[in-house]
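Reviewing the structure listed below.
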Amino acid sequence: MQTTPMIIDGRAVAGERTLGVINPADGEVFAAVPQATPAQVDLAVAAAQAAFPAWSKTPDGERQRLLHALGDALQAHLPELMQLVTQESGKPLNGLAGIGAGMEVGGAIAWTHVTADLDLPVEVIQDNAEARVEVHRKPLGVVASITPWNWPLLIAIWHVIPALRAGNTVVIKPSEYTPLATLRFVELANELLPPGVLNAVTGDGEAGAALAQHPGVAKIVFTGSTATGRKIMQAAAGNLKRLTLELGGNDAGIVLPDVDVKAIASKLLAATLHNNGQTCACLKRLYVHDSLYDELCAELARLAAATVVGDGLAPETQLGPLQNREQLAVVEELADDARRRGARFLCGGHRLERPGYFYAPTVIADADDGMRVVAKEQFGPLVPVLRYRDVDDAIARANASEAGLGGSVWGADPARAAELAQRLECGTAWVNEHGAVQPDAPFGGVKQSGIGVEFGRHGLAEYTSLQTVKVMKG
């Protein structure tokens with residue numbers, strides 16, 4: 001079994017202990033990575049600190065050129081990266097509605113190129129006979145990136161590329177469940193970038209905690225659960241680190257009574273079930289008007305029951321396994337609780353009898369807001385469908401959550417739907433779509449779903465500090 005090393009200061013680094021990486025399609029360990037020690041985290045941060053002065057002063061055009069070259073390197077290794085993503089995360093190569101490892105790696109390539117072309121020009125506040133006042137954006141220093149297991153490579157790109165584009169250096173700690181594609185990305189990057197600009201350490205929460213509280217880190221960018229985000233925020237207080245936190249979501253969708261059920265059912269299913277629901281911005285609570293509730297429930301159940309579940313390496317697979325045993329247990333418990341509380345299971349509702357962490361796609365009717373499967377982010381292939389009669393009531397129920405990542409409204413009149421969508425308490429509101437993000441539009445949460453935004457110029461600015469320069473004339 002191969003052990004993939006960490007990368008610190010441009011060199012491969014082993015560890016005294018290793019952690020096994022499990023293929024969730026069979027539950028077997030197929031690779032290993034080092035368990036970083038606090039001393040090795042110190043070395044990674046020191047390498048990034050040493051590389052920062054030169055990298056931050058590298059001409060803007062040269063940084064752009066190198067990042068575009070990195071995007072080209074990802075493209076050249078696309079099949080290899082796809083296989084790594086599928087083996088470690090369970091995500092199918094193709095996936096439901098085309099949302100799979102191919103989309104993840106393709107998205108990583110696209111995000112790299114688009115972000116490389118972003119800039120933050122000097123803003124001129126005043127320029128007259130008295131003075132010239134300019135606002136400049138300056139890099140922060142060492143950025144710590146801590147990434148989750150659900151979209152391991154894509155989220156690594158979301159964190160790393162804007163940090164580098166702005167002139168920062170980076171230490172990334174991927175999830176111990178899914179470190180392999182990220183390590184390969186960092187290896188490819190180190191064939192292009194100066195040593196120390198991008199470093200990778202691996203390990204469990206101990207390594208993450210050492211990185212989060214490190215006094216040499218100027219900013220932390222984290223994607224994951226709200227509970228872990230709170231711990232990272234506490235750890236950052238020691239030296240007032242900047243933070244970008246994209247945390248848990250419990251996104252609601254509201255289906256208006258004027259929709260064509262047949263036309264939207266497949267899009268709704270993909271919005272809820274892609275990647276087995278293991279996406280922060282999946283649609284996780286579906287509020288459907290009473291007049292078409294039964295029809296839409298039946299159509300969703302028909303489509304879900306026909307979804308092909310299997311090993312993600314098989315090209316026909318639409319949904320693979322859940323990523324880890326612990327998440328499978330969460331899904332089973334939430335489903336069992338809903339069943340005990342009187343919900344109707346129209347399809348699924350059980351673990352599949354095969355090796356690995358497979359759970360059947362499940363549509364749950366007669367759900368209510370008090371059920372844990374509705375109140376809690378499921379992060380699994382469970383689709384609770386709730387009935388409403390008054391749209392104001394549906395919006396109030398959708399907003400009655402501590403989470404505020406995304407939300408959507410589905411209707412035949414886009415203008416009316418957009419008006420309603422703006423009443424949702426969430427960072428992104430979609431109309432007749434859900435979960436679609438793009439590299440030039442900001443994305444982030446409100447309430448307990450995070451701090452700050454990612455993507456586009458707004459996201460790039462989060463990796464900088466402001467400096468106002470006032471030059472007196474005369």
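Identifiers for the structure tokens are assigned positionally: chains receive A, B, ... in sequence, residues are indexed from 1 per chain, and ligands are indexed from 1 in the order shown.
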Mind the document's chain letters and residue numbers, and return as a count of residues only the residues of segment 257-307 of chain A that DSSP labels strand (DSSP E or B).
7
Please report as JSON lines every residue of segment 186-231 of chain A lying within 6 Å of segment 130-148 of chain A, along with the nearest atom pair and their distance in Å (one decimal), using only C-alpha atoms.
{"residue": "A:Val217", "atom": "CA", "partner": "A:Val142", "partner_atom": "CA", "distance": 5.0}
{"residue": "A:Ala218", "atom": "CA", "partner": "A:Val142", "partner_atom": "CA", "distance": 5.4}
{"residue": "A:Lys219", "atom": "CA", "partner": "A:Val143", "partner_atom": "CA", "distance": 4.8}
{"residue": "A:Ile220", "atom": "CA", "partner": "A:Ala144", "partner_atom": "CA", "distance": 4.7}
{"residue": "A:Val221", "atom": "CA", "partner": "A:Ser145", "partner_atom": "CA", "distance": 5.0}
{"residue": "A:Phe222", "atom": "CA", "partner": "A:Ile146", "partner_atom": "CA", "distance": 5.0}
{"residue": "A:Thr223", "atom": "CA", "partner": "A:Thr147", "partner_atom": "CA", "distance": 5.6}
{"residue": "A:Gly224", "atom": "CA", "partner": "A:Pro148", "partner_atom": "CA", "distance": 5.7}
Atom CA of Thr464 of chain A and atom CA of Ala163 of chain A, how far apart in Å?
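Result for atom CA of Ala163 of chain A versus atom CA of Thr464 of chain A: 8.6 Å, one decimal.
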Counting only C-alpha atoms, which residues of segment 88-196 of chain A sit at most 12 Å from some atom of segment 372-396 of chain A, and what is each one's closest atom pair with its distance in Å to one decimal, listed by chain and rising residue number, as JSON lines?
{"residue": "A:Leu96", "atom": "CA", "partner": "A:Pro381", "partner_atom": "CA", "distance": 12.0}
{"residue": "A:Trp149", "atom": "CA", "partner": "A:Phe379", "partner_atom": "CA", "distance": 11.8}
{"residue": "A:Asn150", "atom": "CA", "partner": "A:Phe379", "partner_atom": "CA", "distance": 9.5}
Counting only C-alpha atoms, what is within 10 Å of segment 449-451 of chain A, bar same-chain residues fewer than 4 positions away, as a CSV table (one decimal) with N, CA and C atoms, in the first residue's frame?
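Contents of the output file out-v3.csv:
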chain,number,residue,atom,x,y,z
A,221,VAL,N,-8.9,29.9,6.2
A,221,VAL,CA,-10.1,29.7,5.4
A,221,VAL,C,-10.5,28.2,5.7
A,222,PHE,N,-11.7,28.1,6.1
A,222,PHE,CA,-12.2,26.8,6.5
A,222,PHE,C,-13.6,26.5,5.9
A,223,THR,N,-13.8,25.3,5.4
A,223,THR,CA,-15.1,24.8,4.9
A,223,THR,C,-15.4,23.6,5.7
A,224,GLY,N,-16.6,23.5,6.4
A,224,GLY,CA,-17.0,22.4,7.1
A,224,GLY,C,-18.1,22.7,8.0
A,225,SER,N,-18.2,22.0,9.1
A,225,SER,CA,-19.4,22.1,10.0
A,225,SER,C,-19.3,23.3,10.8
A,226,THR,N,-20.5,23.8,11.3
A,226,THR,CA,-20.6,25.0,12.1
A,226,THR,C,-19.9,24.7,13.4
A,229,GLY,N,-16.3,25.1,12.9
A,229,GLY,CA,-16.0,26.5,12.6
A,229,GLY,C,-15.9,27.3,13.9
A,230,ARG,N,-16.7,27.0,14.9
A,230,ARG,CA,-16.7,27.8,16.1
A,230,ARG,C,-15.3,27.5,16.8
A,243,LEU,N,-10.5,35.5,9.1
A,243,LEU,CA,-11.3,34.3,8.9
A,243,LEU,C,-12.2,34.4,7.7
A,244,THR,N,-12.3,33.3,6.9
A,244,THR,CA,-13.4,33.0,6.0
A,244,THR,C,-13.9,31.6,6.4
A,245,LEU,N,-15.1,31.5,6.8
A,245,LEU,CA,-15.7,30.3,7.2
A,245,LEU,C,-17.0,30.0,6.4
A,246,GLU,N,-16.9,28.9,5.6
A,246,GLU,CA,-18.1,28.5,4.9
A,246,GLU,C,-18.6,27.2,5.6
A,247,LEU,N,-19.7,27.4,6.4
A,247,LEU,CA,-20.1,26.3,7.3
A,247,LEU,C,-21.4,25.6,6.9
A,248,GLY,N,-22.0,24.9,7.8
A,248,GLY,CA,-23.1,24.1,7.4
A,248,GLY,C,-24.3,24.8,6.8
A,249,GLY,N,-25.1,24.1,6.0
A,249,GLY,CA,-26.3,24.7,5.4
A,249,GLY,C,-27.5,23.7,5.7
A,250,ASN,N,-28.6,24.3,5.7
A,250,ASN,CA,-29.9,23.5,5.7
A,250,ASN,C,-30.8,24.1,4.7
A,280,CYS,N,-22.8,21.3,1.0
A,280,CYS,CA,-23.3,22.3,1.9
A,280,CYS,C,-24.5,23.0,1.3
A,402,GLU,N,-31.3,28.2,12.1
A,402,GLU,CA,-30.0,28.9,12.4
A,402,GLU,C,-29.1,28.9,11.2
A,403,ALA,N,-29.3,28.1,10.2
A,403,ALA,CA,-28.5,28.1,9.0
A,403,ALA,C,-29.0,29.1,8.0
A,404,GLY,N,-28.1,29.6,7.2
A,404,GLY,CA,-28.5,30.6,6.2
A,404,GLY,C,-27.5,30.6,5.0
A,405,LEU,N,-27.3,29.4,4.4
A,405,LEU,CA,-26.3,29.3,3.3
A,405,LEU,C,-27.0,29.7,2.0
A,406,GLY,N,-28.0,28.8,1.6
A,406,GLY,CA,-28.7,29.1,0.3
A,406,GLY,C,-30.1,28.8,0.4
A,426,CYS,N,-30.6,34.0,3.5
A,426,CYS,CA,-29.5,33.2,3.1
A,426,CYS,C,-28.6,34.0,2.2
A,427,GLY,N,-27.4,33.5,2.1
A,427,GLY,CA,-26.3,34.2,1.4
A,427,GLY,C,-26.5,34.2,-0.1
A,444,GLY,N,-21.4,32.8,0.0
A,444,GLY,CA,-21.1,32.7,1.5
A,444,GLY,C,-22.4,32.6,2.2
A,445,GLY,N,-22.3,32.4,3.5
A,445,GLY,CA,-23.5,32.2,4.3
A,445,GLY,C,-23.8,33.3,5.3
Just checking: using only C-alpha atoms, which residue out of A:Thr112, A:Thr202, A:Thr317, A:Ser175 ends up closest to Thr18 of chain A?
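Ranked by minimum distance to Thr18 of chain A, first place goes to A:Thr202.
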Name the residues in contact with Ala108 of chain A at a cut-off of 8 Å, using only C-alpha atoms, excluding same-chain residues fewer than 3 positions from it; report them as a ChimeraX atom specification.
/A:71,74,104-105,111-112,153-154,157-158
Any chance you can output those residues with C-alpha atoms as an mmCIF file, in the first residue's frame?
data_model
loop_
_atom_site.group_PDB
_atom_site.id
_atom_site.type_symbol
_atom_site.label_atom_id
_atom_site.label_comp_id
_atom_site.auth_asym_id
_atom_site.auth_seq_id
_atom_site.Cartn_x
_atom_site.Cartn_y
_atom_site.Cartn_z
ATOM 1 C CA GLY A 71 -4.684 25.170 -14.411
ATOM 2 C CA LEU A 74 -4.617 20.061 -13.711
ATOM 3 C CA GLU A 104 -15.186 18.416 -9.589
ATOM 4 C CA VAL A 105 -11.895 18.327 -11.469
ATOM 5 C CA TRP A 111 -11.881 28.138 -11.061
ATOM 6 C CA THR A 112 -8.098 28.258 -11.368
ATOM 7 C CA LEU A 153 -10.096 18.956 -4.673
ATOM 8 C CA LEU A 154 -12.558 21.661 -5.699
ATOM 9 C CA ILE A 157 -8.795 25.136 -5.251
ATOM 10 C CA TRP A 158 -11.409 27.548 -3.861
#
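Closest to Ala36 of chain A among A:Ile254, A:Val330, A:Ala189, A:Leu19 is A:Leu19, based on only C-alpha atoms.
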From a DSSP calculation on the backbone, collect every residue of segment 114-166 of chain A in helix (DSSP H, G or I) and output the set as a PyMOL selection string.
chain A and resi 114-116+152-165
Suppose we keep C-alpha atoms; can you now write the selection as a PDB file, in the first residue's frame?
ATOM      1  CA  VAL A 114     -10.985  32.473 -13.834  1.00  0.00           C
ATOM      2  CA  THR A 115      -9.418  33.369 -10.483  1.00  0.00           C
ATOM      3  CA  ALA A 116      -6.026  33.886 -12.116  1.00  0.00           C
ATOM      4  CA  PRO A 152     -11.873  17.677  -1.564  1.00  0.00           C
ATOM      5  CA  LEU A 153     -10.096  18.956  -4.673  1.00  0.00           C
ATOM      6  CA  LEU A 154     -12.558  21.661  -5.699  1.00  0.00           C
ATOM      7  CA  ILE A 155     -12.678  23.246  -2.262  1.00  0.00           C
ATOM      8  CA  ALA A 156      -8.876  23.110  -2.033  1.00  0.00           C
ATOM      9  CA  ILE A 157      -8.795  25.136  -5.251  1.00  0.00           C
ATOM     10  CA  TRP A 158     -11.409  27.548  -3.861  1.00  0.00           C
ATOM     11  CA  HIS A 159      -9.137  28.206  -0.887  1.00  0.00           C
ATOM     12  CA  VAL A 160      -5.672  28.122  -2.412  1.00  0.00           C
ATOM     13  CA  ILE A 161      -5.904  29.880  -5.774  1.00  0.00           C
ATOM     14  CA  PRO A 162      -7.280  33.246  -4.562  1.00  0.00           C
ATOM     15  CA  ALA A 163      -4.803  33.190  -1.669  1.00  0.00           C
ATOM     16  CA  LEU A 164      -1.912  32.766  -4.102  1.00  0.00           C
ATOM     17  CA  ARG A 165      -3.398  35.211  -6.596  1.00  0.00           C
TER      18      ARG A 165
END
